[in-house]
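Structure file entry.txt (compact mmCIF, N, CA and C atoms) follows.
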# COMPACT_ATOMS: atom_id res chain seq x y z
N MET X 1 10.52 -13.57 -15.17
CA MET X 1 10.93 -12.20 -14.95
C MET X 1 10.98 -11.42 -16.25
N ASN X 2 10.69 -12.05 -17.39
CA ASN X 2 10.71 -11.34 -18.67
C ASN X 2 9.62 -10.30 -18.76
N ASP X 3 8.56 -10.45 -17.96
CA ASP X 3 7.47 -9.49 -18.03
C ASP X 3 7.65 -8.35 -17.02
N LEU X 4 8.90 -8.18 -16.53
CA LEU X 4 9.20 -7.11 -15.59
C LEU X 4 10.29 -6.19 -16.16
N ASN X 5 10.28 -4.97 -15.71
CA ASN X 5 11.29 -3.99 -16.12
C ASN X 5 12.55 -4.24 -15.29
N ASN X 6 13.59 -4.73 -15.95
CA ASN X 6 14.83 -5.09 -15.25
C ASN X 6 15.49 -3.91 -14.56
N ASN X 7 15.37 -2.72 -15.12
CA ASN X 7 15.96 -1.53 -14.48
C ASN X 7 15.31 -1.26 -13.12
N MET X 8 13.99 -1.39 -13.07
CA MET X 8 13.27 -1.17 -11.82
C MET X 8 13.67 -2.21 -10.78
N ILE X 9 13.69 -3.47 -11.19
CA ILE X 9 13.98 -4.56 -10.26
C ILE X 9 15.43 -4.47 -9.75
N SER X 10 16.37 -4.14 -10.61
CA SER X 10 17.76 -4.05 -10.17
C SER X 10 17.95 -2.88 -9.19
N LEU X 11 17.23 -1.78 -9.39
CA LEU X 11 17.29 -0.67 -8.44
C LEU X 11 16.87 -1.13 -7.05
N VAL X 12 15.79 -1.90 -7.01
CA VAL X 12 15.25 -2.37 -5.74
C VAL X 12 16.24 -3.31 -5.06
N LYS X 13 16.78 -4.24 -5.82
CA LYS X 13 17.68 -5.24 -5.24
C LYS X 13 18.96 -4.62 -4.68
N LYS X 14 19.38 -3.49 -5.23
CA LYS X 14 20.59 -2.82 -4.76
C LYS X 14 20.37 -2.13 -3.41
N THR X 15 19.12 -1.82 -3.07
CA THR X 15 18.86 -0.98 -1.90
C THR X 15 17.98 -1.64 -0.85
N LEU X 16 17.85 -2.93 -0.90
CA LEU X 16 17.03 -3.62 0.12
C LEU X 16 17.58 -3.31 1.51
N PRO X 17 16.82 -3.30 2.57
CA PRO X 17 15.57 -4.01 2.76
C PRO X 17 14.31 -3.18 2.50
N GLU X 18 14.38 -1.84 2.48
CA GLU X 18 13.16 -1.04 2.38
C GLU X 18 13.21 -0.10 1.18
N ILE X 19 12.05 0.03 0.55
CA ILE X 19 11.91 1.00 -0.53
C ILE X 19 11.31 2.26 0.09
N ASP X 20 12.06 3.34 0.01
CA ASP X 20 11.60 4.61 0.57
C ASP X 20 11.13 5.54 -0.55
N LEU X 21 10.73 6.73 -0.20
CA LEU X 21 10.22 7.69 -1.18
C LEU X 21 11.27 8.00 -2.24
N LYS X 22 12.51 8.19 -1.82
CA LYS X 22 13.59 8.51 -2.76
C LYS X 22 13.76 7.40 -3.79
N LEU X 23 13.77 6.15 -3.35
CA LEU X 23 13.91 5.03 -4.27
C LEU X 23 12.67 4.89 -5.16
N SER X 24 11.49 5.14 -4.60
CA SER X 24 10.28 5.06 -5.43
C SER X 24 10.33 6.08 -6.56
N ASN X 25 10.92 7.25 -6.30
CA ASN X 25 11.08 8.24 -7.36
C ASN X 25 12.03 7.75 -8.44
N LYS X 26 13.09 7.04 -8.04
CA LYS X 26 14.02 6.48 -9.02
C LYS X 26 13.34 5.39 -9.84
N ILE X 27 12.47 4.61 -9.20
CA ILE X 27 11.70 3.58 -9.92
C ILE X 27 10.81 4.25 -10.96
N ILE X 28 10.16 5.33 -10.57
CA ILE X 28 9.28 6.05 -11.49
C ILE X 28 10.06 6.64 -12.66
N GLU X 29 11.30 7.05 -12.40
CA GLU X 29 12.13 7.58 -13.49
C GLU X 29 12.41 6.53 -14.56
N CYS X 30 12.25 5.25 -14.23
CA CYS X 30 12.44 4.18 -15.21
C CYS X 30 11.27 4.06 -16.18
N ILE X 31 10.16 4.71 -15.88
CA ILE X 31 8.99 4.68 -16.76
C ILE X 31 9.28 5.58 -17.96
N GLU X 32 9.13 5.02 -19.15
CA GLU X 32 9.44 5.80 -20.36
C GLU X 32 8.48 6.96 -20.56
N ASP X 33 7.18 6.71 -20.37
CA ASP X 33 6.16 7.74 -20.56
C ASP X 33 5.11 7.56 -19.47
N VAL X 34 5.14 8.43 -18.46
CA VAL X 34 4.24 8.25 -17.33
C VAL X 34 2.77 8.44 -17.70
N THR X 35 2.50 9.03 -18.84
CA THR X 35 1.11 9.18 -19.28
C THR X 35 0.60 7.94 -20.01
N ALA X 36 1.51 7.05 -20.38
CA ALA X 36 1.12 5.82 -21.08
C ALA X 36 2.01 4.67 -20.59
N ILE X 37 1.84 4.31 -19.32
CA ILE X 37 2.66 3.27 -18.72
C ILE X 37 2.42 1.93 -19.43
N THR X 38 3.48 1.21 -19.69
CA THR X 38 3.35 -0.07 -20.40
C THR X 38 2.93 -1.17 -19.43
N VAL X 39 2.50 -2.27 -19.99
CA VAL X 39 2.11 -3.43 -19.18
C VAL X 39 3.30 -3.93 -18.36
N ILE X 40 4.47 -3.96 -18.97
CA ILE X 40 5.67 -4.42 -18.26
C ILE X 40 6.00 -3.48 -17.09
N GLU X 41 5.89 -2.18 -17.31
CA GLU X 41 6.16 -1.22 -16.23
C GLU X 41 5.13 -1.37 -15.10
N LYS X 42 3.88 -1.53 -15.48
CA LYS X 42 2.82 -1.73 -14.48
C LYS X 42 3.06 -3.01 -13.70
N ASN X 43 3.37 -4.11 -14.41
CA ASN X 43 3.64 -5.38 -13.75
C ASN X 43 4.82 -5.25 -12.79
N SER X 44 5.83 -4.51 -13.19
CA SER X 44 7.02 -4.33 -12.37
C SER X 44 6.69 -3.59 -11.07
N ILE X 45 5.92 -2.53 -11.18
CA ILE X 45 5.54 -1.78 -9.98
C ILE X 45 4.66 -2.63 -9.07
N GLU X 46 3.71 -3.36 -9.64
CA GLU X 46 2.86 -4.24 -8.83
C GLU X 46 3.70 -5.31 -8.14
N TYR X 47 4.66 -5.86 -8.87
CA TYR X 47 5.55 -6.88 -8.31
C TYR X 47 6.34 -6.29 -7.14
N ILE X 48 6.87 -5.10 -7.32
CA ILE X 48 7.64 -4.44 -6.26
C ILE X 48 6.76 -4.20 -5.04
N LEU X 49 5.55 -3.68 -5.25
CA LEU X 49 4.65 -3.40 -4.13
C LEU X 49 4.24 -4.67 -3.40
N ASN X 50 4.07 -5.76 -4.13
CA ASN X 50 3.60 -7.00 -3.52
C ASN X 50 4.72 -7.85 -2.94
N THR X 51 5.97 -7.57 -3.30
CA THR X 51 7.09 -8.43 -2.90
C THR X 51 7.98 -7.81 -1.85
N TYR X 52 8.20 -6.52 -1.93
CA TYR X 52 9.17 -5.86 -1.07
C TYR X 52 8.49 -4.93 -0.07
N PHE X 53 9.18 -4.68 1.04
CA PHE X 53 8.65 -3.74 2.02
C PHE X 53 8.84 -2.33 1.50
N CYS X 54 7.75 -1.60 1.44
CA CYS X 54 7.77 -0.21 0.97
C CYS X 54 7.29 0.70 2.10
N SER X 55 7.93 1.83 2.26
CA SER X 55 7.46 2.80 3.24
C SER X 55 6.09 3.32 2.78
N TYR X 56 5.39 3.92 3.71
CA TYR X 56 4.08 4.49 3.43
C TYR X 56 4.16 5.48 2.25
N GLU X 57 5.18 6.35 2.29
CA GLU X 57 5.33 7.36 1.25
C GLU X 57 5.61 6.72 -0.11
N ALA X 58 6.40 5.66 -0.12
CA ALA X 58 6.71 4.97 -1.38
C ALA X 58 5.46 4.32 -1.97
N ILE X 59 4.65 3.70 -1.12
CA ILE X 59 3.40 3.08 -1.60
C ILE X 59 2.51 4.14 -2.23
N GLU X 60 2.32 5.23 -1.50
CA GLU X 60 1.47 6.31 -2.01
C GLU X 60 2.00 6.84 -3.33
N ASN X 61 3.31 6.95 -3.44
CA ASN X 61 3.94 7.46 -4.65
C ASN X 61 3.77 6.49 -5.81
N LEU X 62 4.07 5.23 -5.59
CA LEU X 62 4.04 4.24 -6.67
C LEU X 62 2.62 3.90 -7.13
N ARG X 63 1.69 3.87 -6.20
CA ARG X 63 0.34 3.44 -6.59
C ARG X 63 -0.34 4.42 -7.56
N LYS X 64 0.15 5.65 -7.59
CA LYS X 64 -0.40 6.63 -8.52
C LYS X 64 -0.13 6.25 -9.98
N TYR X 65 0.91 5.44 -10.18
CA TYR X 65 1.35 5.13 -11.54
C TYR X 65 0.81 3.81 -12.07
N ILE X 66 0.10 3.08 -11.26
CA ILE X 66 -0.50 1.84 -11.75
C ILE X 66 -2.01 1.99 -11.70
N LYS X 67 -2.60 1.71 -12.79
CA LYS X 67 -4.05 1.85 -12.86
C LYS X 67 -4.68 0.48 -12.66
N THR X 68 -5.00 0.19 -11.42
CA THR X 68 -5.69 -1.05 -11.11
C THR X 68 -7.05 -0.69 -10.57
N SER X 69 -7.89 -1.65 -10.45
CA SER X 69 -9.20 -1.41 -9.88
C SER X 69 -9.05 -0.80 -8.50
N TYR X 70 -9.91 0.14 -8.20
CA TYR X 70 -9.91 0.77 -6.89
C TYR X 70 -10.26 -0.24 -5.81
N TYR X 71 -11.04 -1.25 -6.19
CA TYR X 71 -11.55 -2.22 -5.23
C TYR X 71 -10.84 -3.55 -5.31
N GLN X 72 -10.87 -4.26 -4.18
CA GLN X 72 -10.48 -5.66 -4.15
C GLN X 72 -11.66 -6.39 -3.54
N VAL X 73 -12.14 -7.42 -4.23
CA VAL X 73 -13.30 -8.16 -3.75
C VAL X 73 -12.81 -9.36 -2.95
N ILE X 74 -13.30 -9.45 -1.71
CA ILE X 74 -12.98 -10.56 -0.82
C ILE X 74 -14.29 -11.12 -0.30
N GLU X 75 -14.53 -12.41 -0.60
CA GLU X 75 -15.76 -13.08 -0.19
C GLU X 75 -17.00 -12.26 -0.55
N GLY X 76 -16.98 -11.71 -1.76
CA GLY X 76 -18.14 -10.98 -2.28
C GLY X 76 -18.26 -9.54 -1.81
N GLU X 77 -17.37 -9.10 -0.95
CA GLU X 77 -17.41 -7.72 -0.44
C GLU X 77 -16.32 -6.89 -1.11
N ARG X 78 -16.63 -5.63 -1.39
CA ARG X 78 -15.67 -4.72 -2.01
C ARG X 78 -14.93 -3.94 -0.93
N TYR X 79 -13.58 -3.95 -1.05
CA TYR X 79 -12.72 -3.22 -0.12
C TYR X 79 -11.78 -2.32 -0.91
N ASP X 80 -11.25 -1.31 -0.23
CA ASP X 80 -10.31 -0.38 -0.84
C ASP X 80 -8.96 -1.08 -1.03
N ARG X 81 -8.58 -1.30 -2.28
CA ARG X 81 -7.35 -2.04 -2.61
C ARG X 81 -6.10 -1.37 -2.03
N SER X 82 -6.01 -0.05 -2.11
CA SER X 82 -4.80 0.63 -1.66
C SER X 82 -4.63 0.52 -0.15
N LEU X 83 -5.72 0.54 0.61
CA LEU X 83 -5.61 0.37 2.06
C LEU X 83 -5.15 -1.04 2.42
N LEU X 84 -5.67 -2.04 1.70
CA LEU X 84 -5.24 -3.41 1.95
C LEU X 84 -3.77 -3.59 1.60
N LEU X 85 -3.34 -2.98 0.50
CA LEU X 85 -1.94 -3.05 0.10
C LEU X 85 -1.05 -2.38 1.15
N LEU X 86 -1.48 -1.25 1.65
CA LEU X 86 -0.72 -0.55 2.68
C LEU X 86 -0.64 -1.40 3.94
N ALA X 87 -1.75 -1.99 4.35
CA ALA X 87 -1.76 -2.85 5.54
C ALA X 87 -0.81 -4.03 5.36
N ASP X 88 -0.83 -4.64 4.19
CA ASP X 88 0.09 -5.75 3.91
C ASP X 88 1.53 -5.31 4.07
N ASN X 89 1.86 -4.14 3.56
CA ASN X 89 3.22 -3.63 3.64
C ASN X 89 3.60 -3.25 5.07
N LEU X 90 2.64 -2.76 5.83
CA LEU X 90 2.93 -2.39 7.21
C LEU X 90 3.26 -3.62 8.06
N VAL X 91 2.57 -4.72 7.84
CA VAL X 91 2.87 -5.93 8.62
C VAL X 91 4.13 -6.63 8.12
N LYS X 92 4.54 -6.35 6.86
CA LYS X 92 5.79 -6.91 6.33
C LYS X 92 7.00 -6.17 6.85
N GLY X 93 6.78 -5.04 7.49
CA GLY X 93 7.88 -4.16 7.89
C GLY X 93 8.77 -4.72 8.97
N GLN X 94 9.45 -3.83 9.63
CA GLN X 94 10.47 -4.21 10.60
C GLN X 94 9.91 -4.47 11.99
N GLY X 95 8.62 -4.35 12.17
CA GLY X 95 8.01 -4.55 13.48
C GLY X 95 7.75 -6.01 13.78
N ASP X 96 6.69 -6.24 14.54
CA ASP X 96 6.38 -7.60 14.99
C ASP X 96 5.27 -8.27 14.18
N GLY X 97 4.94 -7.73 13.02
CA GLY X 97 3.92 -8.35 12.17
C GLY X 97 2.50 -7.98 12.55
N ARG X 98 2.37 -6.97 13.41
CA ARG X 98 1.04 -6.53 13.81
C ARG X 98 0.80 -5.11 13.31
N ILE X 99 -0.47 -4.75 13.22
CA ILE X 99 -0.86 -3.37 12.92
C ILE X 99 -0.86 -2.63 14.26
N SER X 100 0.09 -1.72 14.42
CA SER X 100 0.20 -0.93 15.65
C SER X 100 -0.68 0.32 15.55
N GLU X 101 -0.73 1.07 16.62
CA GLU X 101 -1.48 2.33 16.59
C GLU X 101 -0.90 3.28 15.54
N ASP X 102 0.44 3.37 15.46
CA ASP X 102 1.06 4.22 14.45
C ASP X 102 0.72 3.74 13.04
N ASP X 103 0.69 2.42 12.84
CA ASP X 103 0.30 1.87 11.55
C ASP X 103 -1.15 2.23 11.22
N MET X 104 -2.03 2.13 12.22
CA MET X 104 -3.44 2.45 12.00
C MET X 104 -3.58 3.94 11.65
N LYS X 105 -2.75 4.78 12.26
CA LYS X 105 -2.79 6.21 11.93
C LYS X 105 -2.41 6.43 10.47
N LYS X 106 -1.43 5.68 9.98
CA LYS X 106 -1.05 5.77 8.57
C LYS X 106 -2.19 5.30 7.67
N LEU X 107 -2.87 4.25 8.07
CA LEU X 107 -4.01 3.75 7.29
C LEU X 107 -5.13 4.78 7.25
N VAL X 108 -5.42 5.38 8.39
CA VAL X 108 -6.48 6.40 8.45
C VAL X 108 -6.07 7.62 7.62
N GLU X 109 -4.80 8.01 7.72
CA GLU X 109 -4.31 9.14 6.93
C GLU X 109 -4.47 8.87 5.43
N SER X 110 -4.18 7.66 5.02
CA SER X 110 -4.36 7.29 3.62
C SER X 110 -5.83 7.32 3.23
N ALA X 111 -6.69 6.86 4.11
CA ALA X 111 -8.13 6.87 3.83
C ALA X 111 -8.67 8.30 3.73
N LEU X 112 -8.04 9.22 4.42
CA LEU X 112 -8.47 10.63 4.41
C LEU X 112 -7.97 11.40 3.19
N ASP X 113 -7.52 10.69 2.16
CA ASP X 113 -6.97 11.36 0.98
C ASP X 113 -7.96 12.31 0.32
N GLY X 114 -9.23 12.08 0.49
CA GLY X 114 -10.24 12.98 -0.05
C GLY X 114 -10.86 13.85 1.02
N ASN X 115 -10.17 14.02 2.13
CA ASN X 115 -10.59 14.82 3.29
C ASN X 115 -11.75 14.21 4.07
N ARG X 116 -12.18 13.03 3.68
CA ARG X 116 -13.17 12.30 4.47
C ARG X 116 -12.99 10.82 4.17
N ILE X 117 -13.49 10.01 5.08
CA ILE X 117 -13.38 8.56 4.91
C ILE X 117 -14.69 8.05 4.33
N THR X 118 -14.60 7.44 3.15
CA THR X 118 -15.80 6.92 2.49
C THR X 118 -16.31 5.67 3.20
N ASP X 119 -17.52 5.25 2.87
CA ASP X 119 -18.08 4.04 3.47
C ASP X 119 -17.22 2.82 3.15
N CYS X 120 -16.71 2.75 1.91
CA CYS X 120 -15.85 1.64 1.51
C CYS X 120 -14.56 1.65 2.32
N GLU X 121 -13.99 2.81 2.52
CA GLU X 121 -12.75 2.91 3.31
C GLU X 121 -13.01 2.54 4.76
N LYS X 122 -14.15 2.95 5.32
CA LYS X 122 -14.51 2.56 6.69
C LYS X 122 -14.62 1.05 6.79
N LYS X 123 -15.30 0.45 5.83
CA LYS X 123 -15.46 -1.00 5.84
C LYS X 123 -14.10 -1.69 5.74
N THR X 124 -13.22 -1.14 4.93
CA THR X 124 -11.88 -1.72 4.76
C THR X 124 -11.07 -1.59 6.05
N LEU X 125 -11.13 -0.45 6.68
CA LEU X 125 -10.41 -0.26 7.95
C LEU X 125 -10.92 -1.21 9.02
N LYS X 126 -12.22 -1.41 9.07
CA LYS X 126 -12.80 -2.36 10.03
C LYS X 126 -12.34 -3.78 9.69
N PHE X 127 -12.31 -4.12 8.41
CA PHE X 127 -11.85 -5.43 7.96
C PHE X 127 -10.40 -5.66 8.40
N ILE X 128 -9.56 -4.66 8.17
CA ILE X 128 -8.16 -4.76 8.56
C ILE X 128 -8.04 -4.97 10.07
N SER X 129 -8.82 -4.21 10.83
CA SER X 129 -8.79 -4.31 12.28
C SER X 129 -9.17 -5.71 12.76
N LYS X 130 -10.08 -6.35 12.05
CA LYS X 130 -10.55 -7.69 12.46
C LYS X 130 -9.71 -8.82 11.88
N GLN X 131 -9.26 -8.67 10.64
CA GLN X 131 -8.60 -9.77 9.95
C GLN X 131 -7.08 -9.79 10.08
N TYR X 132 -6.49 -8.67 10.38
CA TYR X 132 -5.04 -8.59 10.56
C TYR X 132 -4.75 -8.66 12.05
N ASN X 133 -3.54 -9.03 12.37
CA ASN X 133 -3.10 -9.06 13.76
C ASN X 133 -2.92 -7.60 14.20
N THR X 134 -3.91 -7.07 14.90
CA THR X 134 -3.97 -5.65 15.24
C THR X 134 -3.89 -5.47 16.75
N THR X 135 -3.07 -4.52 17.19
CA THR X 135 -2.95 -4.26 18.63
C THR X 135 -4.24 -3.64 19.16
N GLU X 136 -4.43 -3.77 20.47
CA GLU X 136 -5.62 -3.19 21.10
C GLU X 136 -5.62 -1.67 20.96
N ASN X 137 -4.46 -1.05 21.10
CA ASN X 137 -4.38 0.41 20.95
C ASN X 137 -4.79 0.84 19.54
N ALA X 138 -4.41 0.06 18.54
CA ALA X 138 -4.79 0.38 17.16
C ALA X 138 -6.30 0.26 17.00
N LYS X 139 -6.88 -0.77 17.59
CA LYS X 139 -8.34 -0.96 17.51
C LYS X 139 -9.07 0.19 18.20
N LEU X 140 -8.56 0.60 19.36
CA LEU X 140 -9.18 1.72 20.09
C LEU X 140 -9.06 3.03 19.32
N TYR X 141 -7.92 3.25 18.69
CA TYR X 141 -7.73 4.45 17.87
C TYR X 141 -8.74 4.47 16.72
N LEU X 142 -8.88 3.34 16.04
CA LEU X 142 -9.82 3.26 14.92
C LEU X 142 -11.24 3.49 15.40
N LYS X 143 -11.58 2.89 16.53
CA LYS X 143 -12.92 3.06 17.10
C LYS X 143 -13.21 4.53 17.37
N ASP X 144 -12.23 5.24 17.93
CA ASP X 144 -12.40 6.68 18.20
C ASP X 144 -12.56 7.48 16.91
N ILE X 145 -11.78 7.14 15.90
CA ILE X 145 -11.83 7.86 14.62
C ILE X 145 -13.17 7.64 13.92
N LEU X 146 -13.61 6.39 13.88
CA LEU X 146 -14.84 6.05 13.16
C LEU X 146 -16.10 6.21 14.02
N LEU X 147 -15.88 6.48 15.31
CA LEU X 147 -17.00 6.62 16.26
C LEU X 147 -17.91 5.40 16.24
N ILE X 148 -17.26 4.23 16.36
CA ILE X 148 -18.02 2.97 16.37
C ILE X 148 -17.98 2.34 17.75
What do you get writing this file as structure tokens?
Amino acid sequence: MNDLNNNMISLVKKTLPEIDLKLSNKIIECIEDVTAITVIEKNSIEYILNTYFCSYEAIENLRKYIKTSYYQVIEGERYDRSLLLLADNLVKGQGDGRISEDDMKKLVESALDGNRITDCEKKTLKFISKQYNTTENAKLYLKDILLI
């Protein structure tokens, strides 16, 4: 834990089970210089995102401050890292461990950050639909959105 920002981690531990937008803002306030985030600060945010349940808004807020590759390569294919991270957090949540229709809407909303869904984002959404435990309604919603 020496490579993590103790202030960030203690904030999270005080407010479990969920990190919301308000808490994510407090985590960001722990960054000394948001224009030059340190390795320890970056590691801390990545640790928080990968370990704790974060609301959709908190993920979107925190991911802006860590500069990681846009892509995650799985079996030689490139996927949108932020969508996979969001899907992981959605199944970690308080539900039944599945991607619901509401969860899929959040994923699509995130993919629409540039007002359109890129080919990589489409491929990632399809991957999530197939590889994650996804409800039929979520699959139908995605099919309608992507016209597949």
What is the atom CA of Pro17 of chain X-atom N of Leu142 of chain X distance in Å, reported with one decimal?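 Distance between the two atoms: 28.8 Å.
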Give me, as a Markdown table, the closest atom pair and its distance (Å, one decimal) for every residue of segment 40-98 of chain X within a cut-off of 8 Å of segment 121-124 of chain X, counting all atoms listed in the file, rows sorted by chain and rising number.
| residue | atom | partner | partner_atom | distance |
| --- | --- | --- | --- | --- |
| X:Arg78 | C | X:Thr124 | N | 6.7 |
| X:Tyr79 | CA | X:Thr124 | CA | 5.2 |
| X:Asp80 | N | X:Thr124 | CA | 5.0 |
| X:Arg81 | N | X:Thr124 | CA | 7.8 |
| X:Leu83 | C | X:Thr124 | C | 7.0 |
| X:Leu84 | N | X:Thr124 | CA | 6.9 |
10 Å contact set for Lys106 of chain X, only C-alpha atoms, chain neighbours under 3 positions out, as a list in words: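 Counting only C-alpha atoms, the residues come to Tyr56, Glu57, Leu83, Leu86, Ala87, Leu90, Ser100, Glu101, Asp102, Asp103, Glu109, Ser110, Ala111 and Leu112 of chain X.
Closest approach to Asp20 of chain X from the set X:Ile37, X:Leu49, X:Ile145, X:Ala58 is made by X:Ala58, with distances taken over all atoms listed in the file.
The two atoms in question, atom C of Ile74 of chain X and atom CA of Asp119 of chain X, are spaced 16.1 Å apart.
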Find the distance between atom C of Gln72 of chain X and atom CA of Leu23 of chain X and write it in Å to one decimal. 28.0 Å
Got a sec to tell me which of segment 60-109 of chain X DSSP assigns to strand (DSSP E or B), as an mmCIF file with N, CA and C atoms, keeping the file's coordinate frame?
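The resulting file, out-v6.cif, is reproduced below:
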data_model
loop_
_atom_site.group_PDB
_atom_site.id
_atom_site.type_symbol
_atom_site.label_atom_id
_atom_site.label_comp_id
_atom_site.auth_asym_id
_atom_site.auth_seq_id
_atom_site.Cartn_x
_atom_site.Cartn_y
_atom_site.Cartn_z
ATOM 1 N N TYR X 71 -11.040 -1.250 -6.190
ATOM 2 C CA TYR X 71 -11.550 -2.220 -5.230
ATOM 3 C C TYR X 71 -10.840 -3.550 -5.310
ATOM 4 N N GLN X 72 -10.870 -4.260 -4.180
ATOM 5 C CA GLN X 72 -10.480 -5.660 -4.150
ATOM 6 C C GLN X 72 -11.660 -6.390 -3.540
ATOM 7 N N VAL X 73 -12.140 -7.420 -4.230
ATOM 8 C CA VAL X 73 -13.300 -8.160 -3.750
ATOM 9 C C VAL X 73 -12.810 -9.360 -2.950
ATOM 10 N N ILE X 74 -13.300 -9.450 -1.710
ATOM 11 C CA ILE X 74 -12.980 -10.560 -0.820
ATOM 12 C C ILE X 74 -14.290 -11.120 -0.300
ATOM 13 N N GLU X 77 -17.370 -9.100 -0.950
ATOM 14 C CA GLU X 77 -17.410 -7.720 -0.440
ATOM 15 C C GLU X 77 -16.320 -6.890 -1.110
ATOM 16 N N ARG X 78 -16.630 -5.630 -1.390
ATOM 17 C CA ARG X 78 -15.670 -4.720 -2.010
ATOM 18 C C ARG X 78 -14.930 -3.940 -0.930
ATOM 19 N N TYR X 79 -13.580 -3.950 -1.050
ATOM 20 C CA TYR X 79 -12.720 -3.220 -0.120
ATOM 21 C C TYR X 79 -11.780 -2.320 -0.910
ATOM 22 N N ASP X 80 -11.250 -1.310 -0.230
ATOM 23 C CA ASP X 80 -10.310 -0.380 -0.840
ATOM 24 C C ASP X 80 -8.960 -1.080 -1.030
ATOM 25 N N ILE X 99 -0.470 -4.750 13.220
ATOM 26 C CA ILE X 99 -0.860 -3.370 12.920
ATOM 27 C C ILE X 99 -0.860 -2.630 14.260
#
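All residues in segment 61-94 of chain X with a DSSP state of helix (DSSP H, G or I), computed from the backbone, read Asn61, Leu62, Arg63, Arg81, Ser82, Leu83, Leu84, Leu85, Leu86, Ala87, Asp88, Asn89, Leu90, Val91 and Lys92 of chain X.
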Dump as a PDB file, in the coordinates of the input, selection limited to N, CA and C atoms:
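Once everything was written out, this is part24.pdb:
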ATOM      1  N   ASN X  61       3.310   6.950  -3.440  1.00  0.00           N
ATOM      2  CA  ASN X  61       3.940   7.460  -4.650  1.00  0.00           C
ATOM      3  C   ASN X  61       3.770   6.490  -5.810  1.00  0.00           C
ATOM      4  N   LEU X  62       4.070   5.230  -5.590  1.00  0.00           N
ATOM      5  CA  LEU X  62       4.040   4.240  -6.670  1.00  0.00           C
ATOM      6  C   LEU X  62       2.620   3.900  -7.130  1.00  0.00           C
ATOM      7  N   ARG X  63       1.690   3.870  -6.200  1.00  0.00           N
ATOM      8  CA  ARG X  63       0.340   3.440  -6.590  1.00  0.00           C
ATOM      9  C   ARG X  63      -0.340   4.420  -7.560  1.00  0.00           C
ATOM     10  N   ARG X  81      -8.580  -1.300  -2.280  1.00  0.00           N
ATOM     11  CA  ARG X  81      -7.350  -2.040  -2.610  1.00  0.00           C
ATOM     12  C   ARG X  81      -6.100  -1.370  -2.030  1.00  0.00           C
ATOM     13  N   SER X  82      -6.010  -0.050  -2.110  1.00  0.00           N
ATOM     14  CA  SER X  82      -4.800   0.630  -1.660  1.00  0.00           C
ATOM     15  C   SER X  82      -4.630   0.520  -0.150  1.00  0.00           C
ATOM     16  N   LEU X  83      -5.720   0.540   0.610  1.00  0.00           N
ATOM     17  CA  LEU X  83      -5.610   0.370   2.060  1.00  0.00           C
ATOM     18  C   LEU X  83      -5.150  -1.040   2.420  1.00  0.00           C
ATOM     19  N   LEU X  84      -5.670  -2.040   1.700  1.00  0.00           N
ATOM     20  CA  LEU X  84      -5.240  -3.410   1.950  1.00  0.00           C
ATOM     21  C   LEU X  84      -3.770  -3.590   1.600  1.00  0.00           C
ATOM     22  N   LEU X  85      -3.340  -2.980   0.500  1.00  0.00           N
ATOM     23  CA  LEU X  85      -1.940  -3.050   0.100  1.00  0.00           C
ATOM     24  C   LEU X  85      -1.050  -2.380   1.150  1.00  0.00           C
ATOM     25  N   LEU X  86      -1.480  -1.250   1.650  1.00  0.00           N
ATOM     26  CA  LEU X  86      -0.720  -0.550   2.680  1.00  0.00           C
ATOM     27  C   LEU X  86      -0.640  -1.400   3.940  1.00  0.00           C
ATOM     28  N   ALA X  87      -1.750  -1.990   4.350  1.00  0.00           N
ATOM     29  CA  ALA X  87      -1.760  -2.850   5.540  1.00  0.00           C
ATOM     30  C   ALA X  87      -0.810  -4.030   5.360  1.00  0.00           C
ATOM     31  N   ASP X  88      -0.830  -4.640   4.190  1.00  0.00           N
ATOM     32  CA  ASP X  88       0.090  -5.750   3.910  1.00  0.00           C
ATOM     33  C   ASP X  88       1.530  -5.310   4.070  1.00  0.00           C
ATOM     34  N   ASN X  89       1.860  -4.140   3.560  1.00  0.00           N
ATOM     35  CA  ASN X  89       3.220  -3.630   3.640  1.00  0.00           C
ATOM     36  C   ASN X  89       3.600  -3.250   5.070  1.00  0.00           C
ATOM     37  N   LEU X  90       2.640  -2.760   5.830  1.00  0.00           N
ATOM     38  CA  LEU X  90       2.930  -2.390   7.210  1.00  0.00           C
ATOM     39  C   LEU X  90       3.260  -3.620   8.060  1.00  0.00           C
ATOM     40  N   VAL X  91       2.570  -4.720   7.840  1.00  0.00           N
ATOM     41  CA  VAL X  91       2.870  -5.930   8.620  1.00  0.00           C
ATOM     42  C   VAL X  91       4.130  -6.630   8.120  1.00  0.00           C
ATOM     43  N   LYS X  92       4.540  -6.350   6.860  1.00  0.00           N
ATOM     44  CA  LYS X  92       5.790  -6.910   6.330  1.00  0.00           C
ATOM     45  C   LYS X  92       7.000  -6.170   6.850  1.00  0.00           C
TER      46      LYS X  92
END
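Here the question is which of X:Ile48, X:Val39, X:Glu32, X:Leu62 gets nearest to Ser10 of chain X using only C-alpha atoms, and that residue is X:Ile48.
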